[in-house]
file final.txt (compact mmCIF, C-alpha atoms)
# COMPACT_ATOMS: atom_id res chain seq x y z
CA MET A 69 45.94 57.43 51.01
CA ALA A 70 45.61 61.08 50.06
CA ALA A 71 45.84 62.01 53.74
CA CYS A 72 49.03 60.01 54.01
CA LEU A 73 50.55 61.92 51.15
CA ARG A 74 49.66 65.21 52.78
CA VAL A 75 51.53 64.31 56.01
CA LEU A 76 54.71 63.07 54.36
CA PRO A 77 56.06 66.48 53.30
CA ALA A 78 55.92 67.74 56.91
CA ALA A 79 58.00 64.79 58.06
CA PHE A 80 60.81 65.52 55.59
CA SER A 81 60.89 69.28 56.20
CA THR A 82 63.17 69.08 59.38
CA PRO A 83 66.84 67.99 58.88
CA HIS A 84 67.75 64.89 60.90
CA SER A 85 70.05 61.95 60.61
CA ALA A 86 69.30 59.01 58.35
CA SER A 87 68.05 56.81 61.19
CA ASN A 88 65.96 59.54 62.71
CA SER A 89 64.62 60.45 59.31
CA SER A 90 63.67 56.84 58.67
CA SER A 91 61.91 56.48 62.01
CA LEU A 92 60.11 59.76 61.56
CA ARG A 93 58.98 58.71 58.10
CA ARG A 94 57.50 55.49 59.44
CA ARG A 95 55.90 57.32 62.34
CA SER A 96 54.45 60.03 60.13
CA PHE A 97 53.08 57.47 57.64
CA LYS A 98 51.41 55.58 60.50
CA ILE A 99 49.90 58.69 62.01
CA GLY A 100 48.74 59.97 58.68
CA CYS A 101 47.01 56.69 57.74
CA SER A 102 45.31 56.43 61.12
CA ALA A 103 44.14 59.97 60.76
CA ALA A 104 42.66 59.17 57.36
CA GLY A 105 40.56 56.38 58.88
CA SER A 106 39.28 58.48 61.80
CA LYS A 107 35.97 60.26 61.65
CA ASN A 108 37.50 63.63 62.46
CA SER A 109 39.89 63.63 59.52
CA ALA A 110 39.36 66.29 56.89
CA ARG A 111 37.61 65.24 53.70
CA ILE A 112 39.17 65.66 50.34
CA PRO A 113 37.78 68.84 48.83
CA MET A 114 35.56 68.15 45.79
CA PRO A 115 36.08 70.32 42.75
CA PRO A 116 33.23 72.73 42.07
CA ILE A 117 30.71 71.74 39.43
CA ASN A 118 30.99 73.69 36.27
CA PRO A 119 27.53 75.14 35.67
CA ASN A 120 28.27 75.33 31.97
CA ASP A 121 28.75 71.54 31.68
CA PRO A 122 25.32 70.11 30.76
CA PHE A 123 26.24 66.52 31.62
CA LEU A 124 27.49 67.32 35.12
CA ALA A 125 24.54 69.61 35.76
CA LYS A 126 22.11 66.90 34.75
CA LEU A 127 23.95 64.32 36.89
CA ALA A 128 23.90 66.60 39.91
CA SER A 129 20.19 67.28 39.42
CA ALA A 130 19.44 63.55 39.26
CA ALA A 131 21.47 62.91 42.43
CA ALA A 132 19.74 65.74 44.28
CA ASN A 133 16.26 64.53 43.34
CA SER A 134 17.01 60.91 44.23
CA PRO A 135 14.98 59.83 47.28
CA GLU A 136 17.88 57.67 48.43
CA PRO A 137 21.48 58.95 48.48
CA LEU A 138 24.03 56.93 46.58
CA HIS A 139 26.28 56.39 49.60
CA ALA A 140 23.43 54.89 51.67
CA ARG A 141 22.47 51.96 49.47
CA PRO A 142 20.98 48.99 51.37
CA SER A 143 23.63 46.56 52.49
CA ASN A 144 21.43 43.47 52.00
CA SER A 145 20.67 44.17 48.33
CA ASP A 146 20.68 41.15 46.04
CA SER A 147 22.61 43.01 43.38
CA PRO A 148 26.18 44.30 43.68
CA PRO A 149 26.57 47.90 44.90
CA TYR A 150 25.12 50.52 42.57
CA LEU A 151 24.47 48.05 39.76
CA ASP A 152 20.75 48.14 40.53
CA LEU A 153 20.72 51.80 39.58
CA PHE A 154 20.66 50.83 35.95
CA ASP A 155 18.55 48.47 33.88
CA SER A 156 19.71 44.91 33.45
CA PRO A 157 22.46 44.97 30.85
CA LYS A 158 21.66 43.29 27.52
CA LEU A 159 24.60 41.44 26.06
CA MET A 160 25.03 41.36 22.33
CA ALA A 161 24.35 37.91 20.93
CA THR A 162 27.22 36.00 19.45
CA PRO A 163 26.99 35.04 15.75
CA ALA A 164 25.98 31.49 16.72
CA GLN A 165 23.10 32.83 18.84
CA VAL A 166 21.75 35.52 16.56
CA GLU A 167 19.11 33.17 15.07
CA ARG A 168 17.73 32.52 18.57
CA SER A 169 17.81 36.14 19.65
CA VAL A 170 14.53 37.61 20.83
CA SER A 171 14.91 40.73 18.73
CA TYR A 172 15.22 38.73 15.52
CA ASN A 173 12.48 36.20 16.32
CA GLU A 174 9.86 38.47 17.87
CA HIS A 175 7.59 38.22 14.83
CA ARG A 176 7.99 34.48 14.34
CA PRO A 177 5.35 32.09 15.74
CA ARG A 178 6.38 30.54 19.02
CA LYS A 179 4.90 27.19 17.97
CA PRO A 180 4.15 25.62 14.58
CA PRO A 181 0.82 26.69 13.08
CA PRO A 182 -1.89 24.02 13.14
CA ASP A 183 -2.69 22.10 9.98
CA LEU A 184 -6.04 22.31 8.21
CA PRO A 185 -7.59 19.12 9.74
CA SER A 186 -6.74 20.46 13.21
CA LEU A 187 -8.43 23.79 12.48
CA LEU A 188 -11.56 22.07 11.16
CA LEU A 189 -11.56 19.80 14.19
CA HIS A 190 -12.34 22.81 16.41
CA GLY A 191 -15.60 23.16 14.49
CA ARG A 192 -16.29 19.41 14.85
CA ILE A 193 -15.81 18.99 11.09
CA VAL A 194 -14.30 15.87 9.54
CA TYR A 195 -13.37 16.44 5.91
CA ILE A 196 -12.73 13.52 3.54
CA GLY A 197 -11.22 15.08 0.44
CA MET A 198 -9.07 12.24 -0.89
CA PRO A 199 -9.49 8.62 -1.98
CA LEU A 200 -9.82 6.19 0.89
CA VAL A 201 -6.21 5.12 1.33
CA PRO A 202 -4.86 3.86 4.69
CA ALA A 203 -3.55 7.30 5.73
CA VAL A 204 -6.96 8.91 5.20
CA THR A 205 -8.74 6.10 7.05
CA GLU A 206 -6.39 6.45 10.00
CA LEU A 207 -6.97 10.19 10.24
CA VAL A 208 -10.76 10.01 9.90
CA VAL A 209 -11.19 7.23 12.47
CA ALA A 210 -8.93 9.06 14.92
CA GLU A 211 -10.88 12.31 14.49
CA LEU A 212 -14.19 10.55 15.05
CA MET A 213 -12.97 8.95 18.28
CA TYR A 214 -11.49 12.25 19.48
CA LEU A 215 -14.68 14.23 18.84
CA GLN A 216 -16.76 11.66 20.69
CA TRP A 217 -14.34 11.81 23.63
CA VAL A 218 -14.54 15.62 23.70
CA ASP A 219 -18.35 15.70 23.69
CA PRO A 220 -20.51 12.59 23.12
CA LYS A 221 -23.67 14.69 22.62
CA GLU A 222 -22.70 17.34 20.08
CA PRO A 223 -23.11 16.35 16.41
CA ILE A 224 -20.20 15.63 14.09
CA TYR A 225 -20.19 17.11 10.57
CA MET A 226 -18.60 14.96 7.86
CA TYR A 227 -17.95 16.61 4.50
CA ILE A 228 -17.25 14.12 1.71
CA ASN A 229 -15.50 14.76 -1.61
CA SER A 230 -13.92 11.42 -2.40
CA THR A 231 -13.75 8.83 -5.15
CA GLY A 232 -13.77 6.00 -2.63
CA THR A 233 -11.16 3.28 -2.97
CA THR A 234 -10.53 4.12 -6.64
CA ARG A 235 -9.24 7.13 -8.52
CA ASP A 236 -11.35 9.13 -10.94
CA ASP A 237 -9.96 7.05 -13.81
CA GLY A 238 -11.09 3.82 -12.12
CA GLU A 239 -7.70 2.55 -10.91
CA THR A 240 -7.81 0.89 -7.50
CA VAL A 241 -5.82 2.74 -4.82
CA GLY A 242 -7.11 1.10 -1.63
CA MET A 243 -8.83 -1.96 -0.28
CA GLU A 244 -12.57 -2.00 0.33
CA THR A 245 -11.85 -2.50 4.02
CA GLU A 246 -10.79 1.16 4.22
CA GLY A 247 -14.36 2.27 3.66
CA PHE A 248 -15.74 -0.43 5.94
CA ALA A 249 -13.40 0.74 8.73
CA ILE A 250 -14.78 4.28 8.61
CA TYR A 251 -18.35 2.96 8.34
CA ASP A 252 -17.96 0.75 11.42
CA SER A 253 -16.49 3.68 13.36
CA MET A 254 -19.49 5.82 12.41
CA MET A 255 -21.87 3.13 13.60
CA GLN A 256 -20.12 3.01 16.98
CA MET A 257 -20.41 6.76 17.58
CA LYS A 258 -22.82 8.05 20.20
CA ASN A 259 -22.98 11.40 18.39
CA GLU A 260 -25.20 12.29 15.49
CA ILE A 261 -23.17 12.37 12.27
CA HIS A 262 -24.33 14.89 9.67
CA THR A 263 -22.97 13.94 6.24
CA VAL A 264 -22.64 16.43 3.38
CA ALA A 265 -21.59 15.51 -0.17
CA VAL A 266 -19.38 18.17 -1.76
CA GLY A 267 -18.20 17.41 -5.28
CA ALA A 268 -18.32 13.62 -5.50
CA ALA A 269 -19.21 10.64 -3.36
CA ILE A 270 -18.28 7.52 -5.32
CA GLY A 271 -18.31 3.88 -4.27
CA GLN A 272 -17.43 3.51 -0.62
CA ALA A 273 -17.71 7.30 -0.18
CA CYS A 274 -21.36 7.06 -1.25
CA LEU A 275 -21.87 4.45 1.48
CA LEU A 276 -20.43 6.87 4.06
CA LEU A 277 -22.77 9.59 2.77
CA ALA A 278 -25.82 7.32 3.16
CA ALA A 279 -24.66 6.10 6.58
CA GLY A 280 -25.21 9.48 8.24
CA THR A 281 -27.92 10.07 10.80
CA LYS A 282 -31.37 9.75 9.25
CA GLY A 283 -32.68 13.19 8.36
CA ARG A 284 -29.18 14.68 8.55
CA ARG A 285 -27.81 13.56 5.19
CA PHE A 286 -27.26 16.43 2.77
CA MET A 287 -25.91 17.05 -0.70
CA MET A 288 -24.80 20.17 -2.51
CA PRO A 289 -26.90 20.97 -5.59
CA HIS A 290 -24.15 20.17 -8.13
CA ALA A 291 -22.51 17.25 -6.34
CA LYS A 292 -22.52 13.74 -7.77
CA ALA A 293 -22.99 10.36 -6.13
CA MET A 294 -22.21 7.02 -7.70
CA ILE A 295 -22.33 3.41 -6.59
CA GLN A 296 -20.41 0.66 -8.34
CA GLN A 297 -19.11 -2.84 -7.77
CA PRO A 298 -15.75 -3.29 -6.04
CA LYS A 299 -12.85 -3.91 -8.40
CA VAL A 300 -10.18 -6.58 -8.16
CA PRO A 301 -6.70 -5.07 -7.74
CA SER A 302 -4.13 -5.72 -10.42
CA SER A 303 -2.99 -9.35 -10.22
CA GLY A 304 0.28 -9.00 -12.12
CA LEU A 305 2.19 -12.28 -12.12
CA MET A 306 -0.07 -13.78 -9.46
CA PRO A 307 -0.84 -17.52 -9.76
CA ALA A 308 -4.29 -18.54 -10.96
CA SER A 309 -5.27 -19.92 -7.57
CA ASP A 310 -4.49 -16.55 -5.93
CA VAL A 311 -6.47 -14.68 -8.58
CA LEU A 312 -9.48 -16.85 -7.75
CA ILE A 313 -9.09 -16.06 -4.05
CA ARG A 314 -9.02 -12.33 -4.78
CA ALA A 315 -12.05 -12.60 -7.01
CA LYS A 316 -14.01 -14.34 -4.23
CA GLU A 317 -13.00 -11.58 -1.82
CA ALA A 318 -14.20 -8.91 -4.26
CA ILE A 319 -17.57 -10.67 -4.60
CA SER A 320 -17.88 -10.87 -0.81
CA ASN A 321 -17.16 -7.13 -0.51
CA ARG A 322 -19.74 -6.44 -3.22
CA ASP A 323 -22.44 -8.36 -1.34
CA THR A 324 -21.60 -6.51 1.89
CA LEU A 325 -21.76 -3.16 0.10
CA VAL A 326 -25.13 -4.01 -1.45
CA GLU A 327 -26.61 -5.02 1.92
CA LEU A 328 -25.40 -1.85 3.64
CA LEU A 329 -26.65 0.43 0.88
CA ALA A 330 -30.02 -1.31 0.90
CA LYS A 331 -30.23 -0.81 4.66
CA HIS A 332 -29.50 2.93 4.61
CA THR A 333 -31.40 3.80 1.41
CA GLU A 334 -34.41 1.67 2.43
CA ASN A 335 -34.39 -0.11 -0.92
CA SER A 336 -34.48 -3.84 -1.48
CA VAL A 337 -31.27 -5.78 -1.96
CA GLU A 338 -32.39 -6.74 -5.46
CA THR A 339 -32.95 -3.11 -6.44
CA VAL A 340 -29.52 -2.03 -5.25
CA ALA A 341 -27.84 -5.05 -6.85
CA ASN A 342 -29.53 -4.34 -10.19
CA VAL A 343 -28.47 -0.70 -10.36
CA MET A 344 -24.94 -1.64 -9.31
CA ARG A 345 -24.39 -3.91 -12.29
CA ARG A 346 -22.92 -0.88 -14.00
CA PRO A 347 -21.79 2.45 -12.49
CA PHE A 348 -24.93 4.20 -11.26
CA TYR A 349 -24.55 8.00 -11.22
CA MET A 350 -26.93 10.21 -9.28
CA ASP A 351 -27.29 13.95 -9.14
CA ALA A 352 -28.66 15.59 -6.00
CA LYS A 353 -32.30 15.13 -6.98
CA ARG A 354 -31.88 11.53 -8.02
CA ALA A 355 -29.84 10.72 -4.90
CA LYS A 356 -32.68 12.07 -2.79
CA GLU A 357 -35.20 9.93 -4.65
CA PHE A 358 -33.01 6.85 -4.27
CA GLY A 359 -32.68 7.44 -0.52
CA VAL A 360 -28.97 8.28 -0.32
CA ILE A 361 -29.66 11.75 1.12
CA ASP A 362 -32.54 13.54 2.84
CA LYS A 363 -32.14 17.12 1.67
CA ILE A 364 -30.41 19.21 -0.98
CA LEU A 365 -28.48 22.19 0.35
CA TRP A 366 -28.54 25.43 -1.60
CA ARG A 367 -28.74 29.01 -0.44
CA GLY A 368 -32.11 30.70 -0.55
CA GLN A 369 -34.24 27.60 -0.94
CA GLU A 370 -36.32 28.36 2.17
CA LYS A 371 -37.37 31.74 0.81
CA ILE A 372 -38.22 30.35 -2.62
CA MET A 373 -40.28 27.53 -1.14
CA SER A 374 -42.16 29.99 1.07
CA ASP A 375 -43.01 32.15 -1.95
CA ILE A 376 -44.61 29.23 -3.82
CA LEU A 377 -48.39 29.49 -3.79
CA PRO A 378 -50.49 26.58 -2.55
CA PRO A 379 -52.41 24.52 -5.15
CA GLU A 380 -55.71 26.22 -4.33
CA GLU A 381 -54.27 29.64 -5.19
CA TRP A 382 -52.88 28.33 -8.47
CA ASP A 383 -56.31 26.97 -9.40
CA LYS A 384 -58.00 30.25 -8.44
CA LEU A 385 -55.60 32.32 -10.54
CA ALA A 386 -56.07 29.92 -13.46
CA GLY A 387 -59.87 30.34 -13.35
CA ILE A 388 -60.53 26.79 -12.26
CA LYS A 389 -63.61 26.62 -10.12
CA ILE A 390 -63.35 24.24 -7.20
CA PRO A 391 -66.60 22.31 -6.67
CA ASP A 392 -68.11 22.60 -3.26
CA PRO A 393 -67.88 19.43 -1.19
CA PHE A 394 -71.10 17.61 -0.53
call {"tool": "encode", "arguments": {"input": "final.txt", "output": "structure tokens"}}
result
Amino acid sequence: MAACLRVLPAAFSTPHSASNSSSLRRRSFKIGCSAAGSKNSARIPMPPINPNDPFLAKLASAAANSPEPLHARPSNSDSPPYLDLFDSPKLMATPAQVERSVSYNEHRPRKPPPDLPSLLLHGRIVYIGMPLVPAVTELVVAELMYLQWVDPKEPIYMYINSTGTTRDDGETVGMETEGFAIYDSMMQMKNEIHTVAVGAAIGQACLLLAAGTKGRRFMMPHAKAMIQQPKVPSSGLMPASDVLIRAKEAISNRDTLVELLAKHTENSVETVANVMRRPFYMDAKRAKEFGVIDKILWRGQEKIMSDILPPEEWDKLAGIKIPDPF
């Protein structure tokens, strides 16, 4: 177009008639445009670069050092011409999208953090830290089945700090079947189940403590265990016949609990039934004597036991002379 403009003044420089002038104008415009498209036409002179302009000097230096000239960009590029010279443009988020913007959420977790039971599950730990209500039973049974599915040979560690199916004040919060459900699940496991009493193991929780693998039942030194008879839930305005039915069910659950405790503690049914007439509390030492646990856990006990002198050394230090055997 610039070449066309350069030819037009020459066409109007010679005086002619209106028709001739019009024809010459069209002819000159046509010639000038064709000349602009030809290869031999003169290029438009570029203004010289001001060496004192730092921006132009830097731009010229970048163009000179570019391995590929700007006018020879590949024709089959996936991006529009010259747009691939720059980084992908980042559009500013609209107010409705600011909360989902990467820059604002880069320090937020990409997924919800796991809960405490899930974290303990990675260590094959099942923690019972509440009374045995249906929600706790559901979680514990599901964790036991999951850990057996993951590895049927590795042991499962069950930490118990529960008041069983009652609260600490004695009020019933769950049915005795909650404890029996966890017990039956433990008996079906192929894995060894190491039970550890932390705090308290009362009622049905004491049964779960004693139901661990023989030789793998532990108790913290200041934990407490207690066995007691099942309690009848509040009857309210229940008819007398229904109260009798509930009482019979409580007696049946008591007999089942006595039989299971006798089995795992290796005591007679009569012994367990006698101590269960009233709440029977046991500290760690007494629980070990009764057969509920196998070992008391406390730090440093191995070293202390190794430092204890044998009976012969005690007698020697005390001046007791041991008679020679015949």
call {"tool": "atom_distance", "arguments": {"input": "final.txt", "atom1": "atom CA of A:Ile228", "atom2": "atom CA of A:Ile270"}}
result
9.7 Å
call {"tool": "atom_distance", "arguments": {"input": "final.txt", "atom1": "atom CA of A:Lys221", "atom2": "atom CA of A:Val208"}}
result
18.7 Å
call {"tool": "residues_around", "arguments": {"input": "final.txt", "residues": "stretch 189-202 of chain A", "least_positions_apart": "5", "cutoff": "8 Å", "atoms": "all atoms listed in the file", "output": "ChimeraX atom specification"}}
result
/A:208,211-212,215,223-235,241-243,246-247
call {"tool": "closest_residue", "arguments": {"input": "final.txt", "among": "A:Met287, A:Pro298, A:Thr263, A:Thr281", "to": "A:Thr245", "atoms": "only C-alpha atoms"}}
result
A:Pro298
call {"tool": "residues_around", "arguments": {"input": "final.txt", "residues": "A:His290", "least_positions_apart": "6", "cutoff": "12 Å", "atoms": "all atoms listed in the file", "output": "list of chain:residue names"}}
result
A:Ala265, A:Val266, A:Gly267, A:Ala268, A:Ala269, A:Met350, A:Asp351, A:Ala352, A:Lys353, A:Arg354, A:Ala355, A:Ile364, A:Leu365, A:Trp366
call {"tool": "closest_residue", "arguments": {"input": "final.txt", "among": "A:Gln296, A:Gln256, A:Thr205, A:Asn321", "to": "A:Glu244", "atoms": "all atoms listed in the file"}}
result
A:Asn321
call {"tool": "atom_distance", "arguments": {"input": "final.txt", "atom1": "atom CA of A:Asn259", "atom2": "atom CA of A:Glu327"}}
result
23.5 Å
call {"tool": "residues_near_point", "arguments": {"input": "final.txt", "point": "(-23.6, 7.3, 11.1)", "cutoff": "9 Å", "atoms": "all atoms listed in the file", "output": "list in words"}}
result
Tyr251, Asp252, Ser253, Met254, Met255, Gln256, Met257, Asn259, Glu260, Ile261, His262, Thr263, Leu276, Leu277, Ala278, Ala279, Gly280, Thr281 and Lys282 of chain A
call {"tool": "closest_residue", "arguments": {"input": "final.txt", "among": "A:Gln216, A:Gln297, A:Pro307, A:Ser129", "to": "A:Asp323", "atoms": "only C-alpha atoms"}}
result
A:Gln297
call {"tool": "closest_residue", "arguments": {"input": "final.txt", "among": "A:Gly238, A:Pro182, A:Gly283, A:Pro378", "to": "A:Val360", "atoms": "only C-alpha atoms"}}
result
A:Gly283
